[in-house]
>>> print(open('model.cif').read())   # mmCIF, C-alpha atoms
data_work
#
loop_
_atom_site.label_atom_id
_atom_site.label_comp_id
_atom_site.auth_asym_id
_atom_site.auth_seq_id
_atom_site.Cartn_x
_atom_site.Cartn_y
_atom_site.Cartn_z
CA MET V 3 101.64 129.39 90.12
CA LEU V 4 99.34 126.42 90.60
CA PRO V 5 99.36 123.90 87.75
CA ILE V 6 96.22 123.67 85.61
CA PRO V 7 94.46 120.43 84.56
CA LYS V 8 94.97 119.50 80.91
CA ASN V 9 91.40 118.45 80.05
CA ASP V 10 88.13 120.35 80.27
CA PRO V 11 86.19 120.21 83.58
CA GLU V 12 83.29 118.34 81.98
CA THR V 13 85.55 115.38 81.18
CA TYR V 14 86.66 115.06 84.79
CA GLN V 15 83.10 115.49 86.05
CA GLN V 16 81.84 112.72 83.79
CA ILE V 17 84.41 110.19 84.91
CA GLN V 18 83.91 111.17 88.56
CA ASP V 19 80.15 110.71 88.22
CA MET V 20 80.61 107.30 86.61
CA ALA V 21 83.10 106.11 89.24
CA ARG V 22 80.95 107.42 92.11
CA LYS V 23 77.80 105.75 90.79
CA PHE V 24 79.65 102.46 90.35
CA ALA V 25 81.06 102.71 93.88
CA ASP V 26 77.64 103.44 95.38
CA ASP V 27 75.66 100.91 93.33
CA VAL V 28 78.11 98.01 93.04
CA ILE V 29 81.14 98.26 95.30
CA ARG V 30 79.83 99.58 98.61
CA PRO V 31 76.95 97.09 98.92
CA ALA V 32 79.47 94.23 98.52
CA ALA V 33 82.21 95.65 100.75
CA GLU V 34 81.20 94.13 104.09
CA LYS V 35 80.94 90.59 102.69
CA LEU V 36 84.18 90.96 100.71
CA ASP V 37 85.96 92.09 103.86
CA HIS V 38 84.48 89.29 105.96
CA ASP V 39 85.20 86.53 103.42
CA GLU V 40 88.52 87.94 102.17
CA SER V 41 87.26 86.99 98.71
CA PHE V 42 88.57 88.19 95.35
CA PRO V 43 85.91 90.37 93.66
CA GLY V 44 86.52 89.12 90.13
CA ALA V 45 83.00 89.90 88.93
CA ILE V 46 83.35 93.53 90.04
CA TYR V 47 86.66 93.81 88.20
CA GLN V 48 85.06 92.45 85.05
CA GLN V 49 82.45 95.20 85.23
CA MET V 50 85.14 97.81 85.82
CA GLY V 51 87.01 96.59 82.75
CA GLU V 52 83.87 96.90 80.65
CA LEU V 53 83.25 100.45 81.94
CA GLY V 54 86.82 101.61 81.33
CA LEU V 55 87.76 102.06 84.99
CA PHE V 56 91.13 100.35 84.46
CA GLY V 57 93.97 101.86 82.46
CA ILE V 58 92.87 105.46 82.98
CA THR V 59 96.11 106.92 81.59
CA VAL V 60 96.82 104.19 79.00
CA PRO V 61 96.50 105.85 75.57
CA ASP V 62 93.30 105.16 73.71
CA THR V 63 95.40 103.96 70.76
CA LEU V 64 96.43 101.05 73.01
CA GLY V 65 92.89 100.41 74.24
CA GLY V 66 92.99 102.57 77.38
CA VAL V 67 90.90 105.54 78.44
CA GLY V 68 93.56 108.03 77.34
CA LEU V 69 93.15 110.45 80.23
CA ASP V 70 95.68 111.73 82.76
CA SER V 71 96.90 111.38 86.34
CA TYR V 72 94.36 113.90 87.59
CA ALA V 73 91.52 111.77 86.23
CA TYR V 74 93.19 108.71 87.74
CA ALA V 75 93.27 110.39 91.17
CA ILE V 76 89.58 111.24 90.89
CA VAL V 77 88.69 107.65 90.00
CA MET V 78 90.83 106.21 92.80
CA GLU V 79 89.13 108.37 95.42
CA GLU V 80 85.63 107.50 94.27
CA LEU V 81 86.34 103.76 94.07
CA SER V 82 87.91 103.86 97.52
CA ARG V 83 84.78 105.47 98.94
CA GLY V 84 83.14 102.19 97.99
CA TYR V 85 85.94 99.88 99.15
CA ALA V 86 89.68 100.50 99.19
CA SER V 87 90.53 96.94 98.10
CA VAL V 88 88.79 97.58 94.79
CA ALA V 89 90.58 100.89 94.31
CA ASP V 90 93.84 99.12 95.10
CA GLN V 91 93.29 96.84 92.10
CA CYS V 92 92.70 99.88 89.91
CA GLY V 93 96.02 101.29 91.14
CA LEU V 94 97.87 98.06 90.40
CA VAL V 95 96.52 97.89 86.85
CA GLU V 96 97.44 101.55 86.37
CA LEU V 97 101.09 100.93 87.30
CA ILE V 98 101.36 97.87 85.04
CA GLY V 99 99.62 99.72 82.22
CA THR V 100 102.07 102.59 82.60
CA LEU V 101 105.08 100.25 82.51
CA LEU V 102 103.82 98.60 79.34
CA THR V 103 102.91 101.92 77.73
CA ARG V 104 106.29 103.51 78.42
CA TYR V 105 108.64 100.58 77.98
CA GLY V 106 106.89 97.71 76.24
CA THR V 107 107.56 96.68 72.68
CA PRO V 108 104.59 96.87 70.30
CA GLU V 109 104.33 93.08 70.58
CA GLN V 110 104.31 93.19 74.41
CA GLN V 111 101.72 95.96 74.41
CA GLU V 112 99.49 94.05 72.02
CA SER V 113 99.92 90.82 73.98
CA TRP V 114 99.18 92.19 77.45
CA ILE V 115 97.48 95.59 77.60
CA PRO V 116 94.01 94.57 76.29
CA ASP V 117 93.78 91.60 78.66
CA VAL V 118 95.13 93.55 81.65
CA ILE V 119 92.85 96.58 81.41
CA SER V 120 89.80 94.43 80.65
CA ALA V 121 90.53 92.28 83.76
CA ARG V 122 90.80 89.14 81.63
CA LYS V 123 94.32 88.73 83.01
CA LYS V 124 95.26 89.39 86.63
CA VAL V 125 98.66 90.99 87.21
CA ALA V 126 101.20 91.16 90.02
CA TYR V 127 103.82 93.89 90.56
CA CYS V 128 106.73 91.94 92.04
CA ILE V 129 109.36 94.00 93.87
CA THR V 130 109.31 93.34 97.63
CA GLU V 131 111.54 90.68 99.20
CA ALA V 132 112.36 89.68 102.75
CA GLU V 133 115.39 91.99 102.78
CA ALA V 134 114.19 94.50 100.21
CA GLY V 135 111.14 96.53 101.18
CA SER V 136 111.80 100.24 101.42
CA ASP V 137 115.35 99.53 100.18
CA VAL V 138 114.62 98.18 96.71
CA SER V 139 118.33 98.06 95.94
CA GLY V 140 118.58 95.08 98.32
CA ILE V 141 116.74 92.62 96.06
CA LYS V 142 118.37 89.22 95.63
CA THR V 143 116.15 87.62 92.97
CA THR V 144 118.32 86.95 89.92
CA ALA V 145 117.82 86.46 86.21
CA ILE V 146 120.85 84.89 84.52
CA ARG V 147 121.28 84.45 80.78
CA HIS V 148 120.70 80.86 79.75
CA GLY V 149 120.75 79.74 76.14
CA GLY V 150 118.62 82.18 74.21
CA GLY V 151 116.75 83.37 77.28
CA TRP V 152 116.98 83.63 81.07
CA LYS V 153 116.79 81.58 84.27
CA LEU V 154 114.90 83.28 87.13
CA ASN V 155 115.59 82.38 90.77
CA GLY V 156 114.51 83.97 94.03
CA GLY V 157 111.44 84.89 96.02
CA LYS V 158 109.05 87.78 96.55
CA ILE V 159 106.78 88.51 99.54
CA TRP V 160 103.72 90.68 100.24
CA ILE V 161 102.90 90.71 96.52
CA HIS V 162 99.50 92.10 95.58
CA ASN V 163 97.50 89.49 93.61
CA ALA V 164 100.17 86.79 94.08
CA PRO V 165 97.59 84.12 95.03
CA VAL V 166 95.50 84.75 91.90
CA ALA V 167 97.64 86.49 89.26
CA ASN V 168 98.20 85.14 85.76
CA VAL V 169 101.33 87.19 85.08
CA GLY V 170 103.97 88.91 87.19
CA PHE V 171 106.16 91.88 86.37
CA VAL V 172 109.26 90.85 88.28
CA LEU V 173 112.24 93.01 89.22
CA ALA V 174 115.37 90.85 89.22
CA ARG V 175 119.11 91.39 89.39
CA THR V 176 120.77 90.73 86.03
CA ASP V 177 124.21 92.07 86.96
CA PRO V 178 125.30 91.22 90.53
CA VAL V 179 127.98 93.93 90.70
CA ALA V 180 126.18 96.87 89.07
CA GLY V 181 123.96 97.90 92.00
CA LYS V 182 120.81 99.75 90.94
CA ARG V 183 122.02 99.68 87.34
CA GLY V 184 122.07 95.90 87.36
CA MET V 185 118.32 95.22 87.65
CA SER V 186 115.82 94.38 84.93
CA ILE V 187 112.07 93.74 84.68
CA PHE V 188 110.67 90.49 83.32
CA ILE V 189 107.15 89.59 82.24
CA VAL V 190 106.62 86.19 83.84
CA PRO V 191 103.61 83.92 83.20
CA LEU V 192 102.85 82.61 86.67
CA ASP V 193 101.84 79.15 85.49
CA ALA V 194 105.40 78.48 84.26
CA PRO V 195 107.30 75.46 85.63
CA GLY V 196 109.35 76.30 88.71
CA ILE V 197 106.93 78.86 90.15
CA SER V 198 105.21 78.23 93.46
CA ARG V 199 102.89 80.44 95.47
CA GLY V 200 102.65 80.91 99.20
CA PRO V 201 99.29 80.96 100.99
CA LYS V 202 97.07 84.01 100.94
CA GLU V 203 97.99 86.26 103.85
CA HIS V 204 95.28 87.28 106.32
CA LYS V 205 95.46 91.03 106.70
CA MET V 206 94.21 93.65 109.12
CA GLY V 207 92.43 95.63 106.42
CA GLN V 208 91.78 95.80 102.68
CA ARG V 209 91.16 92.09 103.12
CA ALA V 210 89.72 91.45 99.65
CA SER V 211 93.03 92.56 98.17
CA GLN V 212 94.94 89.29 97.83
CA VAL V 213 98.55 89.29 99.05
CA GLY V 214 101.08 86.47 99.14
CA ALA V 215 104.52 85.15 98.23
CA LEU V 216 106.01 83.92 94.97
CA GLN V 217 108.99 81.58 94.65
CA PHE V 218 111.00 81.19 91.44
CA ASP V 219 113.19 78.08 91.06
CA ASP V 220 115.08 77.89 87.76
CA VAL V 221 112.17 79.42 85.86
CA GLY V 222 112.96 79.50 82.16
CA LEU V 223 112.12 82.77 80.40
CA SER V 224 112.35 83.68 76.74
CA GLN V 225 114.41 86.61 75.53
CA ASP V 226 111.29 88.64 74.75
CA SER V 227 110.16 88.40 78.39
CA LEU V 228 112.53 91.29 79.16
CA LEU V 229 110.57 94.55 79.51
CA GLY V 230 112.48 97.60 78.36
CA GLN V 231 116.22 97.94 78.50
CA GLU V 232 118.36 95.46 80.39
CA GLY V 233 119.86 97.03 83.53
CA ARG V 234 117.26 99.81 83.71
CA GLY V 235 114.62 97.93 85.69
CA PHE V 236 115.13 99.80 88.95
CA HIS V 237 114.76 103.16 87.23
CA MET V 238 111.74 101.95 85.26
CA MET V 239 109.99 100.74 88.41
CA MET V 240 110.79 103.97 90.22
CA SER V 241 109.56 106.06 87.29
CA VAL V 242 105.98 104.86 87.78
CA LEU V 243 105.95 105.21 91.56
CA GLU V 244 105.25 108.95 91.48
CA LYS V 245 101.89 108.05 89.96
CA GLY V 246 101.65 105.22 92.49
CA ARG V 247 101.97 107.66 95.39
CA VAL V 248 99.26 109.85 93.86
CA GLY V 249 97.05 106.77 93.60
CA ILE V 250 97.51 105.74 97.23
CA GLY V 251 97.03 109.33 98.36
CA ALA V 252 93.72 109.45 96.51
CA LEU V 253 92.76 106.05 97.91
CA ALA V 254 93.43 107.35 101.44
CA VAL V 255 91.25 110.40 100.77
CA GLY V 256 88.44 108.11 99.61
CA ILE V 257 88.62 106.05 102.80
CA ALA V 258 88.48 109.17 104.95
CA GLN V 259 85.67 110.68 102.86
CA ALA V 260 83.58 107.55 103.42
CA GLY V 261 84.29 107.88 107.14
CA LEU V 262 83.17 111.51 107.18
CA GLU V 263 79.96 110.71 105.32
CA ALA V 264 79.14 107.88 107.73
CA ALA V 265 80.00 109.96 110.82
CA LEU V 266 77.98 112.95 109.64
CA GLU V 267 74.90 110.82 109.00
CA TYR V 268 75.25 109.03 112.34
CA ALA V 269 75.73 112.28 114.28
CA GLN V 270 72.47 113.60 112.85
CA THR V 271 70.48 110.52 113.87
CA ARG V 272 72.04 109.26 117.14
CA MET V 273 70.19 110.60 120.20
CA GLN V 274 71.84 111.17 123.59
CA PHE V 275 70.65 113.34 126.48
CA GLY V 276 67.46 114.14 124.59
CA GLN V 277 69.14 115.54 121.47
CA LYS V 278 71.08 114.47 118.40
CA ILE V 279 74.78 114.19 119.13
CA ALA V 280 75.43 116.59 116.24
CA ALA V 281 74.12 119.34 118.53
CA ASN V 282 77.19 118.82 120.73
CA GLN V 283 79.94 121.31 119.92
CA GLY V 284 82.63 118.70 120.54
CA ILE V 285 81.14 116.49 117.83
CA GLN V 286 80.75 119.47 115.50
CA TRP V 287 84.43 120.31 115.86
CA MET V 288 85.43 116.70 115.14
CA LEU V 289 83.35 116.74 111.97
CA ALA V 290 84.81 120.12 110.99
CA ASP V 291 88.36 118.84 111.48
CA MET V 292 87.59 115.76 109.43
CA ALA V 293 86.28 117.87 106.53
CA LYS V 294 89.22 120.28 106.81
CA GLU V 295 91.89 117.58 106.77
CA ILE V 296 90.24 115.61 103.95
CA THR V 297 89.99 118.73 101.80
CA ALA V 298 93.65 119.56 102.43
CA ALA V 299 94.74 116.04 101.51
CA ARG V 300 92.63 116.05 98.37
CA GLY V 301 94.24 119.34 97.34
CA LEU V 302 97.75 117.92 97.77
CA VAL V 303 96.85 114.81 95.77
CA HIS V 304 95.31 116.80 92.93
CA ARG V 305 98.25 119.22 92.84
CA ALA V 306 100.73 116.34 92.56
CA ALA V 307 98.70 114.66 89.82
CA ILE V 308 98.44 117.83 87.76
CA MET V 309 102.17 118.48 88.14
CA ILE V 310 102.85 115.01 86.69
CA ASP V 311 100.47 115.74 83.82
CA ASN V 312 102.21 119.03 83.05
CA GLY V 313 105.66 117.47 83.06
CA GLU V 314 106.79 119.36 86.15
CA PRO V 315 109.17 117.86 88.75
CA ALA V 316 106.72 116.15 91.08
CA ASN V 317 108.79 113.91 93.33
CA ALA V 318 108.35 115.98 96.50
CA ALA V 319 104.73 116.82 95.70
CA CYS V 320 103.83 113.13 95.29
CA SER V 321 105.55 112.20 98.56
CA MET V 322 103.81 115.06 100.40
CA ALA V 323 100.45 113.98 99.02
CA LYS V 324 100.86 110.31 99.91
CA CYS V 325 102.35 111.03 103.34
CA PHE V 326 99.80 113.63 104.40
CA ALA V 327 96.82 111.72 103.02
CA GLY V 328 97.88 108.42 104.60
CA ASP V 329 98.35 109.94 108.04
CA MET V 330 95.12 111.89 107.63
CA ALA V 331 93.12 108.77 106.74
CA VAL V 332 94.25 106.96 109.88
CA ALA V 333 93.53 109.95 112.11
CA GLN V 334 90.15 110.81 110.61
CA THR V 335 88.80 107.26 110.44
CA ALA V 336 89.74 107.07 114.13
CA ASN V 337 87.57 110.16 114.64
CA ALA V 338 84.75 108.47 112.72
CA VAL V 339 84.99 105.46 115.06
CA GLN V 340 84.96 107.84 118.04
CA ILE V 341 81.80 109.56 116.83
CA PHE V 342 80.11 106.17 116.50
CA GLY V 343 81.20 105.29 120.03
CA GLY V 344 80.87 101.65 120.99
CA SER V 345 79.12 100.84 117.71
CA GLY V 346 82.20 101.98 115.80
CA TYR V 347 84.24 99.24 117.46
CA ILE V 348 81.94 96.47 116.29
CA ARG V 349 82.41 94.43 113.10
CA GLY V 350 79.70 95.14 110.57
CA PHE V 351 79.80 98.92 111.05
CA GLU V 352 81.47 100.57 108.06
CA VAL V 353 83.70 102.85 110.12
CA GLU V 354 85.32 99.89 111.88
CA ARG V 355 86.39 98.52 108.49
CA LEU V 356 87.49 101.94 107.26
CA TYR V 357 89.79 102.33 110.27
CA ARG V 358 91.44 98.98 109.49
CA ASP V 359 91.63 99.76 105.77
CA ALA V 360 93.36 103.09 106.40
CA LYS V 361 96.42 101.79 108.25
CA ILE V 362 98.17 100.25 105.25
CA CYS V 363 98.19 103.70 103.59
CA GLN V 364 101.02 104.59 105.98
CA ILE V 365 103.03 101.55 104.89
CA TYR V 366 102.68 100.52 101.25
CA GLU V 367 103.91 102.45 98.21
CA GLY V 368 106.73 103.66 100.44
CA THR V 369 106.36 104.10 104.21
CA GLN V 370 105.64 107.52 105.68
CA GLN V 371 109.21 107.63 106.96
CA ILE V 372 110.55 107.08 103.43
CA GLN V 373 108.23 109.80 102.10
CA ARG V 374 109.59 112.24 104.67
CA THR V 375 113.11 111.30 103.64
CA VAL V 376 112.23 112.03 100.00
CA ILE V 377 110.71 115.39 100.93
CA ALA V 378 113.71 116.37 103.04
CA ARG V 379 116.12 115.37 100.26
CA GLU V 380 114.22 117.55 97.79
CA LEU V 381 114.24 120.46 100.25
CA LEU V 382 117.99 120.22 100.74
CA LYS V 383 118.59 119.99 97.01
CA ASN V 384 116.10 122.55 95.68
CA GLY V 385 115.30 124.89 98.57
CA ALA V 386 112.19 125.66 100.55
CA ARG V 387 109.79 126.04 97.59
CA ILE V 388 109.14 122.59 96.20
#
>>> encode(input="model.cif", output="structure tokens")
Amino acid sequence: MLPIPKNDPETYQQIQDMARKFADDVIRPAAEKLDHDESFPGAIYQQMGELGLFGITVPDTLGGVGLDSYAYAIVMEELSRGYASVADQCGLVELIGTLLTRYGTPEQQESWIPDVISARKKVAYCITEAEAGSDVSGIKTTAIRHGGGWKLNGGKIWIHNAPVANVGFVLARTDPVAGKRGMSIFIVPLDAPGISRGPKEHKMGQRASQVGALQFDDVGLSQDSLLGQEGRGFHMMMSVLEKGRVGIGALAVGIAQAGLEAALEYAQTRMQFGQKIAANQGIQWMLADMAKEITAARGLVHRAAIMIDNGEPANAACSMAKCFAGDMAVAQTANAVQIFGGSGYIRGFEVERLYRDAKICQIYEGTQQIQRTVIARELLKNGARI
């Protein structure tokens, strides 16, 4: 039986309408310049905070919107139609908001959640290291007890918001011999002594999403910087990544949807051989395949989100959604470029940017190969119906 959304349809329609209008009126008109300049769209994030487009699933008692993963997926897709870099920020805030909601003390929640979901504070989710990407268990950053607190040492790479963030949520090893059970999460103000930042990386796509390195050299942390239980950091980080995969799946759908809309409009205006290229059956079939694949990906993303909301085991469903949607976005934005022909290969045409933006969806939040490994593991453990 298919899972059923928890809220009434009107609620989801209202938040979709709001996110779509904001994407069309504010995000999309700025996307080309943001991509060209690789600039951080702080003013847009301020507006999103005021509208309640951050912290979709954070309870309203903590200042969030108080909705669910299904609503989050809807918002992510609509924002990504405008520009995936902006949606990516929404996804980052959602993961941090979820960590604080589930594991933060009342004092930590009060200190951080209002500023994070209003965009007054910029956050970084600090896991990846040079030898710990897909294999999170390989992290070498350490936090050692020192006096009444901790000393943090190590380095992180490819960290979203690292060049601009005010605070990092850092996964570090607190017990060197306990493997995955020896990691903890720390809330780290990134202006603390001993912290240095690498330069902003110049990326293929999603170029307004700032990425860089962080280095920690004997950074002193207070005892209350520990988030949740000591030694449970790996499991805490992993516990929010199901929602993360739903978010990236929805983001990928939004990229592809923008590509379809652009390709459909272009095909109905571009003239060749005395007729619109949309009259060509080959073009019609490309458009039909784009619509078919996008709809299938959206269905997988929504199914996974609703399973999370209903408390059902969703590990395989989230990996399927992210994997299928990421591959789909790359393939279908390539089709959008093809329909545009030579124009699609030129900077300044939206589909050229969409094609570049799509590629990272096959890499971050767990590579497609890791997602397939997760799916296969669930098949072997639970059987063919997952």
>>> resolve_selection(input="model.cif", expression="the PyMOL selection byres ((chain V and resi 343) around 12)", output="number ranges by chain")
V: 265, 268-269, 272, 274, 279, 285, 336-342, 344-348, 351, 353-354
>>> atom_distance(input="model.cif", atom1="atom CA of V:Ala215", atom2="atom CA of V:Pro201")
7.2 Å
>>> residues_around(input="model.cif", residues="stretch 67-83 of chain V", least_positions_apart="6", cutoff="6 Å", atoms="all atoms listed in the file", output="PyMOL selection string")
chain V and resi 21-22+25+58-61+89+249+252-253+256-257+260+307-308
>>> resolve_selection(input="model.cif", expression="the PyMOL selection byres ((chain V and resi 189-196) around 12)", output="PyMOL selection string")
chain V and resi 98+101-102+105-107+110-111+113-114+123-128+145+152-157+163-174+186-188+197-199+215-230+235
>>> closest_residue(input="model.cif", among="V:Ala86, V:Leu94, V:Ala180, V:Ile119", to="V:Gly66", atoms="all atoms listed in the file")
V:Ile119
>>> closest_residue(input="model.cif", among="V:Ser139, V:Asn317, V:Asn312, V:Thr130", to="V:Pro7", atoms="all atoms listed in the file")
V:Asn312
>>> closest_residue(input="model.cif", among="V:Glu367, V:Lys278, V:Gly350, V:Arg147", to="V:Glu232", atoms="all atoms listed in the file")
V:Arg147
>>> resolve_selection(input="model.cif", expression="the PyMOL selection byres ((chain V and resi 95) around 7)", output="JSON list (two decimals) with C-alpha atoms, in the frame of the given file")
[["chain", "number", "residue", "atom", "x", "y", "z"],
["V", 56, "PHE", "CA", 91.13, 100.35, 84.46],
["V", 57, "GLY", "CA", 93.97, 101.86, 82.46],
["V", 91, "GLN", "CA", 93.29, 96.84, 92.10],
["V", 92, "CYS", "CA", 92.70, 99.88, 89.91],
["V", 93, "GLY", "CA", 96.02, 101.29, 91.14],
["V", 94, "LEU", "CA", 97.87, 98.06, 90.40],
["V", 96, "GLU", "CA", 97.44, 101.55, 86.37],
["V", 97, "LEU", "CA", 101.09, 100.93, 87.30],
["V", 98, "ILE", "CA", 101.36, 97.87, 85.04],
["V", 99, "GLY", "CA", 99.62, 99.72, 82.22],
["V", 118, "VAL", "CA", 95.13, 93.55, 81.65],
["V", 119, "ILE", "CA", 92.85, 96.58, 81.41]]
>>> closest_residue(input="model.cif", among="V:Gln16, V:Thr335, V:Ser241, V:Ser211", to="V:Glu263", atoms="only C-alpha atoms")
V:Thr335
>>> atom_distance(input="model.cif", atom1="atom CA of V:Gln208", atom2="atom CA of V:Arg355")
8.4 Å
>>> atom_distance(input="model.cif", atom1="atom CA of V:Ala290", atom2="atom CA of V:Cys325")
21.2 Å
>>> closest_residue(input="model.cif", among="V:Ala298, V:Val255, V:Ala293, V:Ile129", to="V:Leu356", atoms="all atoms listed in the file")
V:Val255
>>> closest_residue(input="model.cif", among="V:Ala32, V:Cys363, V:Leu382, V:Ile372", to="V:Asp137", atoms="all atoms listed in the file")
V:Ile372
>>> residues_near_point(input="model.cif", point="(83.2, 101.1, 101.0)", cutoff="6 Å", atoms="all atoms listed in the file", output="ChimeraX atom specification")
/V:30,33,83-85
>>> axis_aligned_box(input="model.cif", around="stretch 275-283 of chain V", padding_each_side="8 Å", output="lines of an AutoDock Vina configuration file")
center_x = 73.7
center_y = 117.3
center_z = 121.4
size_x = 28.5
size_y = 24.0
size_z = 26.2
